[in-house]
Structures are given as C-alpha cells and as structure tokens.
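**Student:** Take this structure first; my questions come after.
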Amino acid sequence: MALELSRRLAAGGIPGTLVSLDAWLVSVEERKPGSMVLERYECDRIVEAIRRILEGEEVRPPAYDPVTRRRTAQAGGPPIRVKSGVLLVEGVVALAIASLKALSVLSVHIAVPDTLRLARLRAFYREVKGVPERETEMIIAARELEEVALIQRAGAAADAILELV
C-alpha cells in the first residue's frame, strides 16, 4: 500500500521516498526463542536512521532476505536521502515504535480485511518462501497470537485509518 501511495504522490508531482522497516529485521538465527514482534526488529537503529534521513543525511539501510530470513548486509540496501517531498515509512512495527511515531507528521494505518491479509500471507509463505501448507498455517497461527494484536493496537492510535474493502 505504501508503494501505491508513493506512486500516486509522484503522479501528483510530489516526490515520495519509501523506507521499508523490514530491512532492520534481525536474522532468524540471532532471535531469541519466543521473541515478540518488536524484539525481531532493531528498533533503536530504525529510529536513528529515520531521524538522520529527516535531517537530510543519506542512510544505507541493512539488506534483509525474507526468504532465508537473514540479514545479507549491514548496509547493503540502496542509499536513502530525501531532499524534498514525503518520507513514507512502512512496516508492521512502524506505528508500534513510540519514538518513531513521535517523529511523524501524520501516521496512517491501512486496515486490511482479515481474508485479504491471510490470503497474502499464505501466498507469501507458499509461493515466495516455498513453505509447505501445513507449516504455513502453523506460522500464521503463531503470528495471529501476538503480531496481529500489536498491529491493531498501534493502528488504532494512528492519526488516520484507511480501510481496504
């Protein structure tokens, strides 16, 4: 959704720079067993990177491979620098990190119907990651317990909520 918003801004003559917070996911082998969503991200590094971008500095985010669930480089992503326009920060934890939300001018939560969200997750795990159906369902069930609740709580505190239908 953030990518689509970036495209629409550009079509209207407003430059938009997109930052995906998934770049700051911790490699799977470095995660503590039973870690919660926010513990799987380098939250302090995210906030520092966004602060630096907002101050006009160039930031090279880490590179993360969602298929292997591993960090492939500490500063391997394309450089990000915003000279003008809108900085769009996207990721499941974007609104859940209080110090990051405090840096925003406007926070927007995209509410996705459960049927669409679950279909996207299933497709991602099966088609992109190649995870068998049974394992996919187990992963999704585990995520439903903590991650979805976190997203809903954080989303409810957004300045605006856009509902997909």
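As shown in the structure tokens, the chain order sets the letters A, B, ...; within each chain, residues go from 1, and ligands are also counted from 1 in the order they appear.
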Show me, as a list of chain:residue names, the residues that have an atom within 7 Å of segment 92-102 of chain A when counting only C-alpha atoms, minus same-chain residues fewer than 4 positions from it.
**Tutor:** A:Leu38, A:Val47, A:Ile151, A:Ala154, A:Gly155
**Student:** Excluding Ser20 of chain A and its own-chain neighbours fewer than 2 positions away, which residues fall within 10 Å of it when counting only C-alpha atoms? Please give them as a PyMOL selection string.
**Tutor:** chain A and resi 2-3+18+22-24+46+61+88-92+94
**Student:** So how far away is atom CA of Arg60 of chain A from atom CA of Ala75 of chain A, in Å?
**Tutor:**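 Those two atoms sit 5.1 Å apart.
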**Student:** What is the distance between atom CA of Glu58 of chain A and atom CA of Pro78 of chain A, in Å to one decimal?
**Tutor:**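 Between atom CA of Glu58 of chain A and atom CA of Pro78 of chain A the gap is 10.1 Å.
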**Student:** Rank A:Pro113, A:Gly76, A:Pro66, A:Gly34 by their smallest atom-to-atom distance to Glu146 of chain A, using only C-alpha atoms, and report the top residue only.
**Tutor:**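 Smallest distance to Glu146 of chain A is found for A:Gly34.
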**Student:** Considering only C-alpha atoms, state which residue in the set A:Leu121, A:Ala149, A:Val112, A:Ile14 is at the smallest distance from Lys83 of chain A.
**Tutor:**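 Ranking A:Leu121, A:Ala149, A:Val112, A:Ile14 by distance to Lys83 of chain A, first place goes to A:Ile14.
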**Student:** Could you tell me which of A:Ala63, A:Arg70, A:Val86, A:Val26 comes closest to Gly13 of chain A if we count only C-alpha atoms?
**Tutor:**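 The shortest atom-to-atom distance to Gly13 of chain A comes from A:Val86.
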**Student:** Could you pull out the residues in segment 32-135 of chain A that DSSP calls strand (DSSP E or B) from the backbone, as a PyMOL selection string?
**Tutor:** chain A and resi 41+59+63-65+70-73+80+86-90+108-111
**Student:** Could you check the closest approach to Val148 of chain A for each of A:Leu25, A:Ala160, A:Val37, A:Val67 and tell me which residue wins, using only C-alpha atoms?
**Tutor:**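 Nearest candidate to Val148 of chain A out of A:Leu25, A:Ala160, A:Val37, A:Val67: A:Val37.
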**Student:** So, counting only C-alpha atoms, which residue among A:Ile53, A:Ala11, A:Leu150, A:Val19 is closest to Ser84 of chain A?
**Tutor:** A:Ile53
**Student:** Using only C-alpha atoms, which protein or nucleic acid residues come within 12 Å of Gly12 of chain A? Drop anything in the same chain fewer than 6 positions from it, and give the result as a ChimeraX atom specification.
**Tutor:** /A:5-6,85
**Student:** Would you put the residues from that selection into a file with N, CA and C atoms, as a short mmCIF file (atom, residue, chain, number, x, y, z; two decimals), in the first residue's frame?
**Tutor:**
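The result, written out as again_20.cif:
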data_model
loop_
_atom_site.label_atom_id
_atom_site.label_comp_id
_atom_site.auth_asym_id
_atom_site.auth_seq_id
_atom_site.Cartn_x
_atom_site.Cartn_y
_atom_site.Cartn_z
N LEU A 5 0.84 4.40 -2.60
CA LEU A 5 0.73 5.80 -2.16
C LEU A 5 1.89 6.61 -2.72
N SER A 6 3.09 6.05 -2.70
CA SER A 6 4.26 6.72 -3.26
C SER A 6 4.06 7.01 -4.75
N GLY A 85 9.81 16.53 -0.52
CA GLY A 85 8.70 15.59 -0.66
C GLY A 85 8.33 14.92 0.65
#
**Student:** With distances taken over only C-alpha atoms, which of A:Gly16, A:Tyr41, A:Arg120, A:Ser27 is nearest to Arg81 of chain A?
**Tutor:**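 That would be A:Gly16, the residue with the smallest distance to Arg81 of chain A.
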**Student:** Please provide the set of residues having any atom within 12 Å of Phe124 of chain A, restricted to only C-alpha atoms, with same-chain residues fewer than 2 positions apart removed, written as a VMD selection string.
**Tutor:** chain A and resid 66 to 67 117 to 122 126 to 133 136 to 137 139 to 140
**Student:** To one decimal place, how far is atom CA of Tyr125 of chain A from atom CA of Leu162 of chain A in Å?
**Tutor:** 25.6 Å
